[in-house]
file target35.cif (mmCIF, C-alpha atoms)
data_input
loop_
_atom_site.group_PDB
_atom_site.id
_atom_site.type_symbol
_atom_site.label_atom_id
_atom_site.label_comp_id
_atom_site.auth_asym_id
_atom_site.auth_seq_id
_atom_site.Cartn_x
_atom_site.Cartn_y
_atom_site.Cartn_z
ATOM 1 C CA GLY A 1 -82.303 -0.151 -140.131
ATOM 2 C CA ALA A 2 -84.793 -0.041 -143.025
ATOM 3 C CA VAL A 3 -82.660 1.987 -145.386
ATOM 4 C CA VAL A 4 -83.759 2.629 -148.955
ATOM 5 C CA SER A 5 -81.158 3.861 -151.402
ATOM 6 C CA GLN A 6 -82.114 5.620 -154.613
ATOM 7 C CA HIS A 7 -79.705 6.299 -157.460
ATOM 8 C CA PRO A 8 -78.931 8.622 -159.096
ATOM 9 C CA SER A 9 -79.858 11.564 -156.907
ATOM 10 C CA ARG A 10 -79.872 13.919 -159.849
ATOM 11 C CA VAL A 11 -79.800 13.459 -163.594
ATOM 12 C CA ILE A 12 -79.872 15.919 -166.467
ATOM 13 C CA CYS A 13 -80.311 14.629 -169.978
ATOM 14 C CA LYS A 14 -81.441 15.571 -173.431
ATOM 15 C CA SER A 15 -84.964 15.173 -174.695
ATOM 16 C CA GLY A 16 -85.553 11.792 -176.314
ATOM 17 C CA THR A 17 -83.189 9.777 -174.152
ATOM 18 C CA SER A 18 -84.192 7.101 -171.662
ATOM 19 C CA VAL A 19 -83.289 7.334 -168.008
ATOM 20 C CA LYS A 20 -83.138 4.534 -165.461
ATOM 21 C CA ILE A 21 -83.579 5.134 -161.735
ATOM 22 C CA GLU A 22 -82.717 2.453 -159.201
ATOM 23 C CA CYS A 23 -84.305 1.853 -155.835
ATOM 24 C CA ARG A 24 -82.651 -0.561 -153.429
ATOM 25 C CA SER A 25 -83.605 -1.775 -149.979
ATOM 26 C CA LEU A 26 -80.237 -2.142 -148.254
ATOM 27 C CA ASP A 27 -81.031 -4.059 -145.090
ATOM 28 C CA PHE A 28 -84.386 -5.715 -145.642
ATOM 29 C CA GLN A 29 -86.276 -7.631 -148.273
ATOM 30 C CA ALA A 30 -88.860 -5.466 -149.943
ATOM 31 C CA THR A 31 -91.747 -7.472 -151.295
ATOM 32 C CA THR A 32 -93.439 -4.293 -152.433
ATOM 33 C CA MET A 33 -91.975 -1.094 -153.799
ATOM 34 C CA PHE A 34 -93.777 2.084 -154.762
ATOM 35 C CA TRP A 35 -92.871 4.838 -157.190
ATOM 36 C CA TYR A 36 -94.042 8.405 -156.618
ATOM 37 C CA ARG A 37 -93.745 11.611 -158.551
ATOM 38 C CA GLN A 38 -93.635 14.976 -156.862
ATOM 39 C CA PHE A 39 -94.142 18.279 -158.646
ATOM 40 C CA PRO A 40 -92.646 21.485 -157.185
ATOM 41 C CA LYS A 41 -94.303 22.502 -153.932
ATOM 42 C CA LYS A 42 -96.826 19.676 -154.301
ATOM 43 C CA SER A 43 -97.607 16.432 -152.585
ATOM 44 C CA LEU A 44 -96.562 12.984 -153.732
ATOM 45 C CA MET A 45 -98.510 11.262 -156.484
ATOM 46 C CA LEU A 46 -98.378 7.481 -156.563
ATOM 47 C CA MET A 47 -97.383 6.271 -160.018
ATOM 48 C CA ALA A 48 -97.247 2.530 -159.555
ATOM 49 C CA THR A 49 -96.908 -0.342 -157.133
ATOM 50 C CA SER A 50 -94.533 -3.173 -157.881
ATOM 51 C CA ASN A 51 -94.318 -6.571 -156.272
ATOM 52 C CA GLU A 52 -91.251 -8.727 -156.688
ATOM 53 C CA GLY A 53 -91.571 -10.990 -159.688
ATOM 54 C CA SER A 54 -94.863 -9.497 -160.855
ATOM 55 C CA LYS A 55 -95.932 -6.818 -163.269
ATOM 56 C CA ALA A 56 -96.338 -3.390 -161.758
ATOM 57 C CA THR A 57 -99.783 -1.981 -161.071
ATOM 58 C CA TYR A 58 -100.069 1.518 -162.478
ATOM 59 C CA GLU A 59 -102.317 4.270 -161.214
ATOM 60 C CA GLN A 60 -104.893 5.737 -163.518
ATOM 61 C CA GLY A 61 -103.396 8.217 -165.931
ATOM 62 C CA VAL A 62 -99.834 6.913 -165.707
ATOM 63 C CA GLU A 63 -98.474 5.691 -169.044
ATOM 64 C CA LYS A 64 -97.159 2.156 -168.705
ATOM 65 C CA ASP A 65 -95.046 2.403 -171.848
ATOM 66 C CA LYS A 66 -93.521 5.683 -170.758
ATOM 67 C CA PHE A 67 -92.648 4.640 -167.216
ATOM 68 C CA LEU A 68 -91.297 1.102 -167.223
ATOM 69 C CA ILE A 69 -91.008 -0.529 -163.818
ATOM 70 C CA ASN A 70 -89.084 -3.688 -163.068
ATOM 71 C CA HIS A 71 -88.904 -5.406 -159.680
ATOM 72 C CA ALA A 72 -86.689 -8.372 -160.419
ATOM 73 C CA SER A 73 -85.430 -9.045 -156.908
ATOM 74 C CA LEU A 74 -86.459 -8.478 -153.311
ATOM 75 C CA THR A 75 -83.989 -5.613 -152.979
ATOM 76 C CA LEU A 76 -84.136 -3.811 -156.302
ATOM 77 C CA SER A 77 -86.737 -2.019 -158.360
ATOM 78 C CA THR A 78 -86.035 0.191 -161.347
ATOM 79 C CA LEU A 79 -88.012 2.936 -163.047
ATOM 80 C CA THR A 80 -87.104 3.718 -166.637
ATOM 81 C CA VAL A 81 -88.445 6.894 -168.163
ATOM 82 C CA THR A 82 -88.451 6.160 -171.874
ATOM 83 C CA SER A 83 -87.996 8.817 -174.541
ATOM 84 C CA ALA A 84 -88.034 11.495 -171.882
ATOM 85 C CA HIS A 85 -89.357 14.965 -172.646
ATOM 86 C CA PRO A 86 -89.240 18.208 -170.662
ATOM 87 C CA GLU A 87 -92.680 17.559 -169.187
ATOM 88 C CA ASP A 88 -91.244 14.433 -167.532
ATOM 89 C CA SER A 89 -88.941 16.613 -165.475
ATOM 90 C CA SER A 90 -89.818 16.054 -161.842
ATOM 91 C CA PHE A 91 -88.734 14.633 -158.507
ATOM 92 C CA TYR A 92 -89.192 10.859 -158.420
ATOM 93 C CA ILE A 93 -89.252 9.040 -155.088
ATOM 94 C CA CYS A 94 -89.399 5.344 -154.355
ATOM 95 C CA SER A 95 -90.440 3.569 -151.195
ATOM 96 C CA ALA A 96 -90.223 -0.003 -150.026
ATOM 97 C CA THR A 97 -91.999 -2.154 -147.502
ATOM 98 C CA GLN A 98 -91.921 -5.628 -146.109
ATOM 99 C CA VAL A 99 -95.020 -7.748 -146.053
ATOM 100 C CA THR A 100 -95.519 -7.411 -142.310
ATOM 101 C CA ASN A 101 -97.114 -4.486 -140.485
ATOM 102 C CA GLN A 102 -94.386 -2.001 -141.234
ATOM 103 C CA PRO A 103 -94.732 1.391 -142.880
ATOM 104 C CA GLN A 104 -93.072 2.374 -146.116
ATOM 105 C CA HIS A 105 -89.490 3.567 -146.076
ATOM 106 C CA PHE A 106 -88.545 6.186 -148.630
ATOM 107 C CA GLY A 107 -85.491 6.807 -150.727
ATOM 108 C CA ASP A 108 -83.972 10.268 -151.024
ATOM 109 C CA GLY A 109 -85.454 10.850 -154.440
ATOM 110 C CA THR A 110 -84.126 11.544 -157.923
ATOM 111 C CA ARG A 111 -84.307 14.987 -159.482
ATOM 112 C CA LEU A 112 -84.818 14.442 -163.211
ATOM 113 C CA SER A 113 -84.299 17.379 -165.559
ATOM 114 C CA ILE A 114 -84.925 16.957 -169.271
ATOM 115 C CA LEU A 115 -83.499 19.646 -171.514
ATOM 116 C CA ALA B 1 -112.428 5.828 -149.752
ATOM 117 C CA GLN B 2 -110.039 7.790 -147.616
ATOM 118 C CA SER B 3 -108.646 11.296 -147.652
ATOM 119 C CA VAL B 4 -106.509 13.638 -145.645
ATOM 120 C CA THR B 5 -106.799 17.395 -145.253
ATOM 121 C CA GLN B 6 -103.922 19.462 -143.959
ATOM 122 C CA LEU B 7 -105.504 22.662 -142.820
ATOM 123 C CA ASP B 8 -102.488 24.930 -143.207
ATOM 124 C CA SER B 9 -100.226 25.094 -146.231
ATOM 125 C CA HIS B 10 -97.657 27.180 -144.355
ATOM 126 C CA VAL B 11 -96.932 27.606 -140.643
ATOM 127 C CA SER B 12 -94.334 29.947 -139.168
ATOM 128 C CA VAL B 13 -93.235 29.811 -135.532
ATOM 129 C CA SER B 14 -90.384 31.305 -133.572
ATOM 130 C CA GLU B 15 -87.582 29.095 -132.373
ATOM 131 C CA GLY B 16 -88.372 27.722 -128.930
ATOM 132 C CA THR B 17 -92.154 28.099 -129.256
ATOM 133 C CA PRO B 18 -94.677 25.276 -129.724
ATOM 134 C CA VAL B 19 -95.495 23.777 -133.100
ATOM 135 C CA LEU B 20 -98.972 22.692 -134.181
ATOM 136 C CA LEU B 21 -99.596 21.197 -137.622
ATOM 137 C CA ARG B 22 -103.207 20.274 -138.224
ATOM 138 C CA CYS B 23 -104.555 17.237 -140.040
ATOM 139 C CA ASN B 24 -108.068 15.890 -140.475
ATOM 140 C CA TYR B 25 -108.816 12.559 -142.080
ATOM 141 C CA SER B 26 -111.700 10.714 -143.624
ATOM 142 C CA SER B 27 -111.817 6.936 -143.818
ATOM 143 C CA SER B 28 -114.467 4.286 -144.162
ATOM 144 C CA TYR B 29 -112.501 1.926 -141.954
ATOM 145 C CA SER B 30 -110.158 2.167 -138.998
ATOM 146 C CA PRO B 31 -107.210 3.943 -140.526
ATOM 147 C CA SER B 32 -103.507 3.933 -139.950
ATOM 148 C CA LEU B 33 -102.168 7.476 -139.822
ATOM 149 C CA PHE B 34 -98.660 8.779 -140.282
ATOM 150 C CA TRP B 35 -96.677 11.972 -140.261
ATOM 151 C CA TYR B 36 -93.690 12.196 -142.592
ATOM 152 C CA VAL B 37 -91.153 15.011 -142.876
ATOM 153 C CA GLN B 38 -89.353 16.015 -146.056
ATOM 154 C CA HIS B 39 -86.317 18.250 -146.116
ATOM 155 C CA PRO B 40 -85.449 20.029 -149.381
ATOM 156 C CA ASN B 41 -84.518 17.667 -152.212
ATOM 157 C CA LYS B 42 -84.797 14.680 -149.917
ATOM 158 C CA GLY B 43 -87.114 11.733 -149.528
ATOM 159 C CA LEU B 44 -89.582 11.317 -146.709
ATOM 160 C CA GLN B 45 -88.708 10.367 -143.167
ATOM 161 C CA LEU B 46 -91.270 8.783 -140.876
ATOM 162 C CA LEU B 47 -91.901 10.902 -137.765
ATOM 163 C CA LEU B 48 -94.561 8.774 -136.134
ATOM 164 C CA LYS B 49 -97.447 6.415 -136.820
ATOM 165 C CA TYR B 50 -100.807 5.514 -135.357
ATOM 166 C CA THR B 51 -102.073 1.983 -135.953
ATOM 167 C CA SER B 52 -104.989 1.588 -133.512
ATOM 168 C CA ALA B 53 -102.907 1.259 -130.359
ATOM 169 C CA ALA B 54 -102.376 4.205 -127.982
ATOM 170 C CA THR B 55 -104.078 7.369 -129.202
ATOM 171 C CA LEU B 56 -101.175 9.596 -128.136
ATOM 172 C CA VAL B 57 -98.245 8.696 -130.300
ATOM 173 C CA LYS B 58 -94.700 9.825 -129.641
ATOM 174 C CA GLY B 59 -92.296 10.101 -132.521
ATOM 175 C CA ILE B 60 -88.761 11.126 -133.229
ATOM 176 C CA ASN B 61 -87.212 14.542 -132.593
ATOM 177 C CA GLY B 62 -89.709 15.413 -129.864
ATOM 178 C CA PHE B 63 -92.800 15.293 -132.056
ATOM 179 C CA GLU B 64 -96.048 13.695 -130.994
ATOM 180 C CA ALA B 65 -99.573 13.402 -132.349
ATOM 181 C CA GLU B 66 -102.938 12.550 -130.875
ATOM 182 C CA PHE B 67 -105.553 10.485 -132.680
ATOM 183 C CA LYS B 68 -109.012 11.857 -131.945
ATOM 184 C CA LYS B 69 -111.686 9.736 -133.538
ATOM 185 C CA SER B 70 -114.541 12.022 -132.501
ATOM 186 C CA GLU B 71 -112.870 14.931 -134.269
ATOM 187 C CA THR B 72 -111.314 12.826 -137.069
ATOM 188 C CA SER B 73 -108.064 14.618 -136.375
ATOM 189 C CA PHE B 74 -104.408 13.683 -136.059
ATOM 190 C CA HIS B 75 -102.600 16.920 -135.283
ATOM 191 C CA LEU B 76 -98.814 17.010 -134.945
ATOM 192 C CA THR B 77 -97.244 18.933 -132.080
ATOM 193 C CA LYS B 78 -93.871 19.735 -130.610
ATOM 194 C CA PRO B 79 -93.333 21.727 -127.401
ATOM 195 C CA SER B 80 -90.352 23.725 -128.590
ATOM 196 C CA ALA B 81 -89.381 24.365 -132.202
ATOM 197 C CA HIS B 82 -85.810 24.025 -133.379
ATOM 198 C CA MET B 83 -84.267 25.541 -136.477
ATOM 199 C CA SER B 84 -83.684 22.039 -137.862
ATOM 200 C CA ASP B 85 -87.453 21.427 -137.826
ATOM 201 C CA ALA B 86 -87.904 23.678 -140.865
ATOM 202 C CA ALA B 87 -89.211 21.342 -143.573
ATOM 203 C CA GLU B 88 -92.337 20.085 -145.355
ATOM 204 C CA TYR B 89 -94.628 17.855 -143.316
ATOM 205 C CA PHE B 90 -97.099 15.376 -144.763
ATOM 206 C CA CYS B 91 -100.022 13.771 -143.002
ATOM 207 C CA VAL B 92 -100.756 10.377 -144.530
ATOM 208 C CA VAL B 93 -103.547 7.830 -144.188
ATOM 209 C CA SER B 94 -103.518 4.149 -145.044
ATOM 210 C CA LEU B 95 -105.853 1.250 -144.531
ATOM 211 C CA ASN B 96 -103.294 -1.350 -143.573
ATOM 212 C CA PHE B 97 -100.327 -0.265 -141.449
ATOM 213 C CA GLY B 98 -98.906 1.723 -144.341
ATOM 214 C CA ASN B 99 -97.600 -1.144 -146.418
ATOM 215 C CA GLU B 100 -100.247 -0.554 -149.028
ATOM 216 C CA LYS B 101 -101.351 2.504 -150.936
ATOM 217 C CA LEU B 102 -100.827 5.731 -149.024
ATOM 218 C CA THR B 103 -103.002 8.788 -149.368
ATOM 219 C CA PHE B 104 -101.034 11.985 -148.818
ATOM 220 C CA GLY B 105 -102.159 15.351 -147.592
ATOM 221 C CA THR B 106 -101.055 18.392 -149.544
ATOM 222 C CA GLY B 107 -98.300 19.191 -147.068
ATOM 223 C CA THR B 108 -97.525 21.952 -144.578
ATOM 224 C CA ARG B 109 -94.362 23.969 -144.894
ATOM 225 C CA LEU B 110 -92.954 24.775 -141.466
ATOM 226 C CA THR B 111 -90.759 27.841 -141.186
ATOM 227 C CA ILE B 112 -88.796 28.552 -138.006
ATOM 228 C CA ILE B 113 -88.073 32.171 -137.218
ATOM 229 C CA PRO B 114 -84.745 32.709 -135.399
#
call {"tool": "encode", "arguments": {"input": "target35.cif", "output": "structure tokens"}}
result
Amino acid sequence: GAVVSQHPSRVICKSGTSVKIECRSLDFQATTMFWYRQFPKKSLMLMATSNEGSKATYEQGVEKDKFLINHASLTLSTLTVTSAHPEDSSFYICSATQVTNQPQHFGDGTRLSIL
Amino acid sequence: AQSVTQLDSHVSVSEGTPVLLRCNYSSSYSPSLFWYVQHPNKGLQLLLKYTSAATLVKGINGFEAEFKKSETSFHLTKPSAHMSDAAEYFCVVSLNFGNEKLTFGTGTRLTIIP
């Protein structure tokens, strides 16, 4: 149980395009989802926290207009990287949790490469 | 405020020998502590968690960790390493069972020597 699916697993696109990444909780209702960014050989950096039906809470230094987060249902959150540039290339990971005393469950990540 | 320090960025052990990955934490309150494993180009998988119950926590794949408040440590151990254990390991602290903001350590890369 507690499976989180992230799609796509890898995307390569040209500079200036927008990219949408989906995060789905397959067998539970996720009241809260988190988006992380991981640089090569580094730890995870929390970008934002999203609660279903509410605006996402962004961490300091994360551009809200660059990284658009939508959490429209209890099983789906999306991260859209707008007008992507090479410096946005990274590994993006989502996680999801229920409201009870359960830890976060992570997706398999999305490798984003901007040319 | 809370923080986690993983004392070794890279650990190498021979297959069949014990594994020890070290983690120290700092927290103003009673923390929840976790170990996650990440295989290349994958997300994170929960190995085990401590949430103020038994101080010796058993996880999946033969891993276990002991919460030592006096030493502010939460080291991860396994009696006998397997080739499939080669991965990146993260020690993580949270204030509330892990369903809120997590604070990650910098990770320890475990290499298994055949």
call {"tool": "closest_atom_pairs", "arguments": {"input": "target35.cif", "of": "chain A", "to": "chain B", "cutoff": "7 Å", "atoms": "all atoms listed in the file", "output": "tab-separated table"}}
result
residue	atom	partner	partner_atom	distance
A:Lys42	CA	B:Thr106	CA	6.5
A:Ser43	CA	B:Thr106	CA	5.0
A:Leu44	CA	B:Phe104	CA	6.7
A:Ile93	CA	B:Gly43	CA	6.5
A:Thr97	CA	B:Asn99	CA	5.8
A:Asn101	CA	B:Phe97	CA	5.4
A:Gln102	CA	B:Asn99	CA	6.2
A:Pro103	CA	B:Gly98	CA	4.4
A:Gln104	CA	B:Asn99	CA	5.7
A:Phe106	CA	B:Leu44	CA	5.6
A:Gly107	CA	B:Gly43	CA	5.3
A:Asp108	CA	B:Gly43	CA	3.8
A:Gly109	CA	B:Gly43	CA	5.3
call {"tool": "residues_around", "arguments": {"input": "target35.cif", "residues": "Gly16 of chain B", "least_positions_apart": "5", "cutoff": "12 Å", "atoms": "only C-alpha atoms", "output": "list in words"}}
result
Lys78, Pro79, Ser80, Ala81, His82, Met83, Ser84, Asp85, Ile112, Ile113 and Pro114 of chain B
call {"tool": "residues_near_point", "arguments": {"input": "target35.cif", "point": "(-83.6, 12.7, -175.5)", "cutoff": "7 Å", "atoms": "only C-alpha atoms", "output": "PyMOL selection string"}}
result
chain A and resi 13-18+83-85
call {"tool": "residues_near_point", "arguments": {"input": "target35.cif", "point": "(-79.3, -2.9, -149.8)", "cutoff": "9 Å", "atoms": "only C-alpha atoms", "output": "short mmCIF file (atom, residue, chain, number, x, y, z; two decimals) with C-alpha atoms, keeping the file's coordinate frame"}}
result
data_model
loop_
_atom_site.label_atom_id
_atom_site.label_comp_id
_atom_site.auth_asym_id
_atom_site.auth_seq_id
_atom_site.Cartn_x
_atom_site.Cartn_y
_atom_site.Cartn_z
CA VAL A 3 -82.66 1.99 -145.39
CA VAL A 4 -83.76 2.63 -148.96
CA SER A 5 -81.16 3.86 -151.40
CA ARG A 24 -82.65 -0.56 -153.43
CA SER A 25 -83.60 -1.78 -149.98
CA LEU A 26 -80.24 -2.14 -148.25
CA ASP A 27 -81.03 -4.06 -145.09
CA PHE A 28 -84.39 -5.72 -145.64
CA GLN A 29 -86.28 -7.63 -148.27
CA THR A 75 -83.99 -5.61 -152.98
CA LEU A 76 -84.14 -3.81 -156.30
#
call {"tool": "residues_around", "arguments": {"input": "target35.cif", "residues": "Val57 of chain B", "least_positions_apart": "4", "cutoff": "7 Å", "atoms": "all atoms listed in the file", "output": "list in words"}}
result
Leu48, Lys49, Tyr50, Glu64, Ala65 and Glu66 of chain B
call {"tool": "atom_distance", "arguments": {"input": "target35.cif", "atom1": "atom CA of Leu68 of chain A", "atom2": "atom CA of Ala2 of chain A"}}
result
25.1 Å
call {"tool": "resolve_selection", "arguments": {"input": "target35.cif", "expression": "the PyMOL selection byres ((chain A and resi 77) around 9)", "output": "ChimeraX atom specification"}}
result
/A:21-25,33-34,50,52,69-76,78-79,94
call {"tool": "resolve_selection", "arguments": {"input": "target35.cif", "expression": "the PyMOL selection byres ((chain B and resi 23) around 12)", "output": "ChimeraX atom specification"}}
result
/B:3-9,20-22,24-26,33-35,65-68,71-77,89-93,104-108
call {"tool": "atom_distance", "arguments": {"input": "target35.cif", "atom1": "atom CA of Glu63 of chain A", "atom2": "atom CA of Asp88 of chain A"}}
result
11.4 Å
call {"tool": "atom_distance", "arguments": {"input": "target35.cif", "atom1": "atom CA of Ser28 of chain B", "atom2": "atom CA of Leu95 of chain B"}}
result
9.1 Å
